[in-house]
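What follows is a set of notes on a single structure, which appears directly below.
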Amino acid sequence: MATTGGILSPAEQRGYTKLSSIFQMGHKCHRCDERVYHTEKVGPIKEAVFHKSCFKCFICGQHLTIRNFLTNQVDLTDTEVYCSTHAGKNTGRGLDGGAMGIAGALRSQNMYRRATNSDINHSAPLIDSRALGIKRALTAPSIGVYNEQIHGTKRGPHIDSSAMYIQGALNAQDLRSTDRVDNNMAFQFPAVITKKRQEIIEAQKDLEEKLREEEDELYKEFKNEREEEKKKLSKELEVEWEVKLKELTEKFDRDYGKKMKKMKDNEKKAMTIHLNAEKGQLEKNLNEQKKKKQQYMTLKVIEKEQALTTDLLKKHSEQMLSLLAEKQREAQVEIQQELMRAREQEIKENGETAEVTEHMIIQDNLILQEALESLGPATAFAPTEIPGPAPPAFRKADLYQDVNVFNDLDDHVFGIAEADHNSWTDLIHQLTYNCLTDLEKARAIFRWITVKDLNMIEFEETVDSDTPLGILRGIKYGTETYHVLFMRMCSYAGLHCVEIKGKSKSVGYEPGMKFKEDLFNNTWNAVLIDGEWRLIQCNWGARHLVLNKDNTHTDKKNSLEHKSKKKDKIRYQYDEHYFLTDPDEFILEFMAAEPQWQLLERPITIEEFQQLPFVRSVFFHYGMKFMDSPRAVLRTNSKGGTEVKIRVPPEHIKDVVFHYQLRFADKERRQDTDYKGAKVERFVFQTMLDDHVVYSIHVPTSGEYFLEIFANKIDDSHRVGEDPNSPMMPFRLKCACKFRVICDSLQNKMHPLPCCAAGEWGPAKSIRHFDLIPVTHRVGVISPQTDRIEIKFKIPRPLHFLAKLRKNGIDDHALDRFVDTSVSGNELTVSVLFPESGQYGLDLYARPERAADSQTLAHAAKYLINMEKVSQTIELDVTKVDAATLMSKDKWGALPMFEKLGMRALSHRDAKIRTTDSNQLTIEMGISERLQISYHLIREPDEDHREHVTVARNEEGRKVKFFVNMLRPGNYLFAIYAKQDTDPSRKMVNVFNYMIKYSPDGSSHINSNETPKRDKKSGLFGKK
């Protein structure tokens, strides 16, 4: 094939083409048609080149790398690139001899055609339905289901055993099984793969057996050391018991030895009883000491054993990966030789004019690639070639955007997790048999670990290493943790994995805490996927929930799964966030001790890690972002104010619910939820503005606080729908983030917000749960310009409404006549008249109009209304708090109007009440049915606790019960007010006053760290 007359031979033309593809300037990107320079080029792939940023799946746009891209397996003329989900499944046309994997099947078909004309014996089958390529073709419908779930349509062809060309391959199999195929057949590619795959598995099993022997020896050492430690501890305590007992006996003899002779028998008996009691106490103390020492010893032993186990399994993982790398190199050489032999045979059969074409080279390379993928556990890197830690080029969302692409794989893993396995080789083989990429393998292992409730597995005292539970014995002994288990399993799958140690903001950590050497240590993994290191935290990713039985199933799969009692009770839930977490998100919870393993462009210090905001996975599940880059510790201004803003993606605005909790951070007040009678949470204003939620905090007093923000996504069961008798189901909120709030000093006195329903202010809740659309007031704060306002909503269906107006220091019922609701067509109007200036809260409740009477109204919305000035003040039926605090001490008990109004004390006739056993008190009184009743509860000196009292009348209206809840020890004044309905004065009068001392420890003095003691003469219980 030499050059003739200046004309290049085909071989030289191919060489020229290849060289020009490397050195030729001016390539254009196959995707965007713009110029591609060498530094940003990917390719050529089928003579097409791409920008790195354009190297994406043609179907879904997922970023690809040179390690994980695939070309069309069905049509070789297609020059596009695809992810593993969409490769070659986008069209049903173009199946030809170059289709990857089917090439071997086509050769079998040609052999079949030739062999049908002869009668030649051959013993080994050439190909079957599990052979390379055909197995994928036969399973293509399930991939079509994948695409249908994600894109709403089947993009792949429905290929079965009668599809184009494959029938010939299966006929070839049948022919072989009947001994009618040519004994001198050249290319038997699937048989090579099957053989090599089995060789690798057998080699793994042989190596695993050797590694297990080493592990057995280590566990024997652990067992012996534990026994020795127990004996040593028992011996120490035995010696200590003898010493202490001797000391006690000698002391007894010194104190009472000489007196014993003069003692009477009953005195001697009493002394003996006393000595025996002291011995018993000594024994009890030593047993407690023994228990603590055993716990400490166990922790230290396990810590040592975990370190030794980790070191051993690291070595074992390296050995397994080295074995797989060696086997892969051997397989590559053998497969290439088979391909060359097959190609030579093909050229020989086609005559002397045949030559190796570019098309054949591409075809052979693709077949080789698929063959190596089909070998099962294999590694692309030898241990000496592993890339160092570096930030990944693409984010997790570039690898996959919809976790549902793993549904089939996850279901497969769940089935495997139900069974027991005698070896790691068998387990990994079953888990990853159909996995084509590193990503799929890592996913299968991660889901197996997170679905297998390892902490709940029951082990017998003696577990043989070659039994199903034997491979998990490290879990039994506490020597193998989730991250070590993941590393071990990865090595059997041919994945490189490392253990990373560092600090974590785990259970017990609070924002602003400084890390100490022996606290909050943690370990996790990094796994090499497509040449890039990715972070995984299996322990935090594992969740297991116990559920009640559910007899309603919406699909066949669930019906089958719920047949067993076990599956009725257990639902597996895991946390997707901790699988391949992006480094910039991972660093908010975990910081690697070795900076390079933070996988950040700029690693951070431990001090910077402490300052980062405290977040949890739900924050990332719903794509939240902080708007102002807050630190873990927020410092207030001189007015006690600070703010947190969290942006929410548009797709989650209507589905994500937020809540919060504000509490004291110092130990003395950590259990207190109130400040001077008002809930501390009433000093926080939460509202949704456009695409972000705002938390405006104004703390009531100087000090330190924790602000914890919760969130979760709701579904239709948490909304009011068409069924009037289907109430909204409760839902569980999860911590999204937490901050420490520090107020060094406070210049102004802060007042709590009106005592409305807990949670967010504004109409967002009404939109989310009731589909009520605000027409007039779309934000949570209103500043009226007139004495009357109207708030309007569009309503989707007939609803019953109730509105409540609130104002600090005023009874709710006194404001009822100033608020009203009306519905006209599909529009709700809430009318409010303000009787006086001040800050108001407006609560709106709703339920379906045709709902049963037993169904309670649900809170729908609330507004904060700042009324600066009214044109005319309206007198209210209210007694001010300060009127009660200025009461003279001679007004305890029943006052003159008590009997005149026909009232009588039924439960507590004595005005002075002392309670030590409960912080709850029920006071019952007899009244006339035409009386209006009110009350105040004040904790000395001036804390308003009115909201901690509830009132209930009986059906006849002649009895009333006051349920008084005292949050903290102290002195309380409980004042009762009343008036006749017909009284035109609209003024309630004080009718009875109780003095309540709540002292749970029985002491006569009340100590409080929050309020100064009053002078005895001015205290509630002081003498006049």
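Naming works like this for the structure tokens: A, B, ... for the chains as they're shown, residue 1 at the start of each chain, ligands 1 onward in shown order.
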Within 6 Å of range 945-953 of chain A, counting only C-alpha atoms, which residues qualify if same-chain residues fewer than 2 places away don't, as a list in words?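 Counting only C-alpha atoms, the residues come to Gly677, His936, Leu937, Ile938, Gly957, Lys959, Val960, Lys961, Phe962, Phe963, Val964 and Asn965 of chain A.
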Okay, now the selection with N, CA, C and O atoms, as an mmCIF file, in the first residue's frame?
```
data_model
loop_
_atom_site.group_PDB
_atom_site.id
_atom_site.type_symbol
_atom_site.label_atom_id
_atom_site.label_comp_id
_atom_site.auth_asym_id
_atom_site.auth_seq_id
_atom_site.Cartn_x
_atom_site.Cartn_y
_atom_site.Cartn_z
ATOM 1 N N GLY A 677 -43.161 37.334 81.218
ATOM 2 C CA GLY A 677 -44.509 36.918 80.861
ATOM 3 C C GLY A 677 -44.785 36.814 79.383
ATOM 4 O O GLY A 677 -45.841 36.318 78.991
ATOM 5 N N HIS A 936 -56.025 38.856 85.082
ATOM 6 C CA HIS A 936 -54.616 39.151 84.845
ATOM 7 C C HIS A 936 -53.776 38.269 85.758
ATOM 8 O O HIS A 936 -54.167 37.992 86.897
ATOM 9 N N LEU A 937 -52.633 37.831 85.251
ATOM 10 C CA LEU A 937 -51.662 37.083 86.044
ATOM 11 C C LEU A 937 -50.345 37.827 85.964
ATOM 12 O O LEU A 937 -49.815 38.066 84.872
ATOM 13 N N ILE A 938 -49.813 38.199 87.134
ATOM 14 C CA ILE A 938 -48.576 38.982 87.190
ATOM 15 C C ILE A 938 -47.601 38.269 88.102
ATOM 16 O O ILE A 938 -47.953 37.853 89.213
ATOM 17 N N GLY A 957 -73.120 28.069 81.575
ATOM 18 C CA GLY A 957 -72.555 29.387 81.797
ATOM 19 C C GLY A 957 -72.546 29.823 83.249
ATOM 20 O O GLY A 957 -72.322 30.996 83.549
ATOM 21 N N LYS A 959 -70.642 28.255 85.719
ATOM 22 C CA LYS A 959 -69.357 27.960 86.346
ATOM 23 C C LYS A 959 -68.238 28.363 85.384
ATOM 24 O O LYS A 959 -68.366 28.214 84.172
ATOM 25 N N VAL A 960 -67.153 28.824 85.967
ATOM 26 C CA VAL A 960 -65.992 29.182 85.164
ATOM 27 C C VAL A 960 -64.741 28.607 85.833
ATOM 28 O O VAL A 960 -64.629 28.623 87.061
ATOM 29 N N LYS A 961 -63.837 28.055 84.995
ATOM 30 C CA LYS A 961 -62.572 27.523 85.475
ATOM 31 C C LYS A 961 -61.426 28.329 84.884
ATOM 32 O O LYS A 961 -61.389 28.592 83.672
ATOM 33 N N PHE A 962 -60.485 28.698 85.762
ATOM 34 C CA PHE A 962 -59.266 29.391 85.332
ATOM 35 C C PHE A 962 -58.112 28.395 85.461
ATOM 36 O O PHE A 962 -57.832 27.892 86.556
ATOM 37 N N PHE A 963 -57.449 28.103 84.342
ATOM 38 C CA PHE A 963 -56.297 27.192 84.337
ATOM 39 C C PHE A 963 -55.033 28.055 84.332
ATOM 40 O O PHE A 963 -54.693 28.671 83.315
ATOM 41 N N VAL A 964 -54.374 28.109 85.469
ATOM 42 C CA VAL A 964 -53.227 28.994 85.664
ATOM 43 C C VAL A 964 -51.947 28.181 85.526
ATOM 44 O O VAL A 964 -51.771 27.168 86.217
ATOM 45 N N ASN A 965 -51.046 28.624 84.654
ATOM 46 C CA ASN A 965 -49.771 27.941 84.412
ATOM 47 C C ASN A 965 -48.637 28.863 84.823
ATOM 48 O O ASN A 965 -48.462 29.943 84.242
#
```
So that each row is one residue of range 785-902 of chain A with an atom at most 12 Å from range 685-703 of chain A, can you give its shortest atom pair and the distance in Å to one decimal, using only C-alpha atoms, rows by chain and rising number, as a Markdown table?
```
| residue | atom | partner | partner_atom | distance |
| --- | --- | --- | --- | --- |
| A:Gly841 | CA | A:Phe685 | CA | 11.8 |
| A:Ala861 | CA | A:Thr687 | CA | 10.8 |
| A:Lys862 | CA | A:Thr687 | CA | 10.0 |
| A:Tyr863 | CA | A:Thr687 | CA | 9.8 |
| A:Leu864 | CA | A:Phe685 | CA | 9.3 |
```
Deliver the residues from the most recent selection as a file, using C-alpha atoms, as a short mmCIF file (atom, residue, chain, number, x, y, z; two decimals), in the first residue's frame.
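The resulting selection.cif:
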```cif
data_model
loop_
_atom_site.label_atom_id
_atom_site.label_comp_id
_atom_site.auth_asym_id
_atom_site.auth_seq_id
_atom_site.Cartn_x
_atom_site.Cartn_y
_atom_site.Cartn_z
CA GLY A 841 -52.02 41.92 65.33
CA ALA A 861 -52.61 34.51 57.74
CA LYS A 862 -51.67 37.32 60.09
CA TYR A 863 -50.75 40.97 59.77
CA LEU A 864 -48.85 43.39 62.00
#
```
Just list the residues in range 539-723 of chain A DSSP gives helix (DSSP H, G or I) on the backbone, as a PyMOL selection string. chain A and resi 539-541+556-561+565-569+576-578+583-586+595-598+606-611+617-621+650-652+667-669+680-683+716-718
Residues of the last selection are to be written out with N, CA and C atoms, as a CSV table (one decimal), in the first residue's frame.
```csv
chain,number,residue,atom,x,y,z
A,539,ASN,N,-22.5,8.0,57.2
A,539,ASN,CA,-23.2,8.0,58.5
A,539,ASN,C,-24.3,9.0,58.6
A,540,TRP,N,-24.1,10.2,58.1
A,540,TRP,CA,-25.1,11.2,58.1
A,540,TRP,C,-26.1,11.0,57.0
A,541,GLY,N,-25.8,10.2,56.0
A,541,GLY,CA,-26.8,9.9,55.0
A,541,GLY,C,-27.7,8.9,55.3
A,556,LYS,N,-48.5,-1.3,42.0
A,556,LYS,CA,-48.3,-2.7,42.2
A,556,LYS,C,-47.0,-3.0,43.0
A,557,LYS,N,-46.0,-2.2,42.8
A,557,LYS,CA,-44.7,-2.3,43.5
A,557,LYS,C,-44.9,-2.2,45.0
A,558,ASN,N,-45.6,-1.1,45.4
A,558,ASN,CA,-45.9,-0.9,46.8
A,558,ASN,C,-46.7,-2.1,47.4
A,559,SER,N,-47.6,-2.6,46.6
A,559,SER,CA,-48.5,-3.7,47.1
A,559,SER,C,-47.6,-4.9,47.4
A,560,LEU,N,-46.6,-5.2,46.5
A,560,LEU,CA,-45.8,-6.3,46.7
A,560,LEU,C,-44.8,-6.1,47.9
A,561,GLU,N,-44.3,-4.8,48.1
A,561,GLU,CA,-43.4,-4.5,49.1
A,561,GLU,C,-44.0,-4.6,50.5
A,565,LYS,N,-44.7,-8.1,57.2
A,565,LYS,CA,-44.9,-7.2,58.3
A,565,LYS,C,-43.7,-6.3,58.4
A,566,LYS,N,-42.5,-6.8,58.1
A,566,LYS,CA,-41.3,-6.1,58.3
A,566,LYS,C,-41.4,-4.8,57.4
A,567,LYS,N,-41.8,-5.0,56.2
A,567,LYS,CA,-41.8,-3.9,55.3
A,567,LYS,C,-43.0,-3.0,55.5
A,568,ASP,N,-44.0,-3.5,56.2
A,568,ASP,CA,-45.1,-2.6,56.6
A,568,ASP,C,-44.6,-1.6,57.7
A,569,LYS,N,-43.7,-2.0,58.5
A,569,LYS,CA,-43.3,-1.2,59.6
A,569,LYS,C,-42.1,-0.3,59.3
A,576,GLU,N,-30.0,12.5,50.7
A,576,GLU,CA,-29.3,12.6,49.4
A,576,GLU,C,-28.2,13.7,49.5
A,577,HIS,N,-28.3,14.6,50.3
A,577,HIS,CA,-27.3,15.7,50.4
A,577,HIS,C,-25.9,15.2,50.6
A,578,TYR,N,-25.8,14.1,51.4
A,578,TYR,CA,-24.4,13.6,51.8
A,578,TYR,C,-23.8,12.6,50.8
A,583,PRO,N,-18.0,20.6,47.6
A,583,PRO,CA,-17.1,21.0,48.7
A,583,PRO,C,-17.5,22.3,49.4
A,584,ASP,N,-18.1,23.3,48.6
A,584,ASP,CA,-18.5,24.6,49.2
A,584,ASP,C,-19.7,24.5,50.1
A,585,GLU,N,-20.4,23.4,50.0
A,585,GLU,CA,-21.6,23.1,50.9
A,585,GLU,C,-21.1,22.2,52.0
A,586,PHE,N,-20.2,21.3,51.7
A,586,PHE,CA,-19.7,20.3,52.7
A,586,PHE,C,-19.0,21.1,53.8
A,595,PRO,N,-5.7,20.4,54.8
A,595,PRO,CA,-6.4,21.4,54.0
A,595,PRO,C,-6.7,21.0,52.5
A,596,GLN,N,-5.8,20.2,51.9
A,596,GLN,CA,-6.1,19.8,50.5
A,596,GLN,C,-7.3,19.0,50.4
A,597,TRP,N,-7.7,18.3,51.4
A,597,TRP,CA,-8.9,17.4,51.3
A,597,TRP,C,-10.2,18.2,51.6
A,598,GLN,N,-10.1,19.5,51.8
A,598,GLN,CA,-11.3,20.3,51.8
A,598,GLN,C,-11.9,20.5,50.4
A,606,ILE,N,-9.4,26.7,61.0
A,606,ILE,CA,-10.4,26.3,62.0
A,606,ILE,C,-11.2,27.5,62.5
A,607,GLU,N,-10.5,28.7,62.6
A,607,GLU,CA,-11.2,29.9,63.0
A,607,GLU,C,-12.3,30.3,62.0
A,608,GLU,N,-12.0,30.2,60.8
A,608,GLU,CA,-12.9,30.5,59.7
A,608,GLU,C,-14.1,29.5,59.7
A,609,PHE,N,-13.8,28.3,60.0
A,609,PHE,CA,-14.8,27.3,60.0
A,609,PHE,C,-15.8,27.6,61.2
A,610,GLN,N,-15.3,28.0,62.3
A,610,GLN,CA,-16.2,28.3,63.4
A,610,GLN,C,-17.1,29.5,63.1
A,611,GLN,N,-16.6,30.4,62.2
A,611,GLN,CA,-17.4,31.6,61.9
A,611,GLN,C,-18.5,31.3,60.8
A,617,SER,N,-28.7,19.9,56.2
A,617,SER,CA,-28.9,19.4,54.8
A,617,SER,C,-30.2,20.0,54.2
A,618,VAL,N,-31.3,20.2,55.0
A,618,VAL,CA,-32.5,20.7,54.4
A,618,VAL,C,-32.3,22.1,53.8
A,619,PHE,N,-31.3,22.8,54.3
A,619,PHE,CA,-31.0,24.1,53.7
A,619,PHE,C,-30.6,24.0,52.2
A,620,PHE,N,-29.9,22.9,51.9
A,620,PHE,CA,-29.4,22.7,50.5
A,620,PHE,C,-30.5,21.9,49.7
A,621,HIS,N,-31.3,21.1,50.3
A,621,HIS,CA,-32.3,20.3,49.6
A,621,HIS,C,-33.2,21.2,48.8
A,650,PRO,N,-37.5,30.0,43.1
A,650,PRO,CA,-38.9,30.2,42.7
A,650,PRO,C,-39.7,28.9,42.7
A,651,GLU,N,-39.1,27.8,42.4
A,651,GLU,CA,-39.9,26.5,42.3
A,651,GLU,C,-40.3,26.0,43.7
A,652,HIS,N,-39.7,26.6,44.7
A,652,HIS,CA,-40.0,26.1,46.1
A,652,HIS,C,-40.8,27.1,46.9
A,667,LYS,N,-26.8,29.1,80.4
A,667,LYS,CA,-27.2,28.0,81.1
A,667,LYS,C,-28.3,28.3,82.1
A,668,GLU,N,-28.2,29.4,82.8
A,668,GLU,CA,-29.2,29.8,83.8
A,668,GLU,C,-30.6,30.0,83.2
A,669,ARG,N,-30.7,30.5,82.0
A,669,ARG,CA,-32.0,30.7,81.4
A,669,ARG,C,-32.3,29.9,80.2
A,680,VAL,N,-40.5,34.6,74.3
A,680,VAL,CA,-39.3,35.2,73.7
A,680,VAL,C,-39.4,35.2,72.2
A,681,GLU,N,-40.2,34.3,71.6
A,681,GLU,CA,-40.4,34.2,70.2
A,681,GLU,C,-41.2,35.4,69.7
A,682,ARG,N,-41.9,36.1,70.6
A,682,ARG,CA,-42.6,37.3,70.1
A,682,ARG,C,-41.7,38.5,69.9
A,683,PHE,N,-40.4,38.3,70.0
A,683,PHE,CA,-39.5,39.4,69.7
A,683,PHE,C,-38.8,39.1,68.4
A,716,ASP,N,-49.8,18.1,49.0
A,716,ASP,CA,-51.3,18.4,49.0
A,716,ASP,C,-52.0,18.0,50.3
A,717,SER,N,-51.4,17.1,51.0
A,717,SER,CA,-52.0,16.7,52.3
A,717,SER,C,-52.0,17.8,53.3
A,718,HIS,N,-51.1,18.8,53.1
A,718,HIS,CA,-51.0,19.9,54.0
A,718,HIS,C,-51.7,21.1,53.5
```
Neighbouring residues of Val989 in chain A were defined as those with any atom within 10 Å, considering only C-alpha atoms; residues of the same chain fewer than 6 positions away were excluded. Please report them as a CSV table (one decimal) with N, CA and C atoms, in the first residue's frame.
```csv
chain,number,residue,atom,x,y,z
A,878,VAL,N,-61.8,47.0,79.2
A,878,VAL,CA,-60.5,46.5,79.5
A,878,VAL,C,-60.0,47.1,80.8
A,879,THR,N,-59.3,46.3,81.5
A,879,THR,CA,-58.6,46.7,82.7
A,879,THR,C,-57.1,46.7,82.4
A,895,LEU,N,-63.6,41.1,97.0
A,895,LEU,CA,-63.9,42.5,97.1
A,895,LEU,C,-65.4,42.8,97.1
A,897,MET,N,-67.7,44.0,95.2
A,897,MET,CA,-68.5,43.7,94.0
A,897,MET,C,-68.6,42.1,93.8
A,898,PHE,N,-67.8,41.3,94.5
A,898,PHE,CA,-67.8,39.9,94.2
A,898,PHE,C,-69.2,39.3,94.5
A,933,ILE,N,-66.3,38.0,82.1
A,933,ILE,CA,-65.2,37.7,83.0
A,933,ILE,C,-63.9,38.1,82.3
A,934,SER,N,-62.9,38.6,83.1
A,934,SER,CA,-61.6,38.8,82.6
A,934,SER,C,-60.6,38.6,83.8
A,976,ILE,N,-59.1,38.8,89.2
A,976,ILE,CA,-60.2,38.5,88.4
A,976,ILE,C,-61.1,39.7,88.3
A,977,TYR,N,-61.7,40.0,87.1
A,977,TYR,CA,-62.5,41.1,86.9
A,977,TYR,C,-63.8,40.7,86.3
A,978,ALA,N,-64.9,41.5,86.5
A,978,ALA,CA,-66.2,41.1,86.0
A,978,ALA,C,-67.1,42.3,85.8
A,979,LYS,N,-68.2,42.1,85.0
A,979,LYS,CA,-69.2,43.1,84.9
A,979,LYS,C,-70.4,42.5,84.3
```
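In terms of minimum interatomic distance to Asp787 in chain A, A:Ile865 ranks closest within A:Leu312, A:Leu495, A:Ile773, A:Ile865, counting only C-alpha atoms.
Near Gln980 in chain A, within a cut-off of 8 Å and counting only C-alpha atoms, sit the residues Leu901, Arg930, Leu931, Gln932 and Asp983 of chain A, with same-chain residues fewer than 3 positions away left out.
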Option closest in space to Glu440 in chain A, from A:Asp420, A:Val403, A:Val615, A:Asn522 [counting only C-alpha atoms]: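 Nearest to Glu440 in chain A: A:Val403.
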For range 726-741 of chain A, please output as a ChimeraX atom specification all residues within 9 Å (counting only C-alpha atoms; exclusion window: fewer than 5 positions along the same chain). /A:510-512,613-620,631-636,642,657-660,665,699,703-714,716-721,769,847,851,855-856,858
Please identify all polymer residues within 10 Å of Lys804 in chain A, counting only C-alpha atoms, omitting same-chain residues fewer than 2 positions from it, and present them as a PyMOL selection string. chain A and resi 756+802+806+812-813+815-820+832+841-845+862
CA of Glu213 in chain A sits from CA of Glu318 in chain A at a separation of 16.6 Å
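We find CA of Val648 in chain A and CA of Val779 in chain A to be spaced 16.9 Å apart.
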So which one's closest to Leu967 in chain A, A:Thr821, A:Ser234, A:Gln920, A:Asn993? Using only C-alpha atoms, please.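 Result for the nearest residue to Leu967 in chain A: A:Gln920.
One distance worth recording is that between CA of His777 in chain A and CA of His800 in chain A, which is 20.2 Å.
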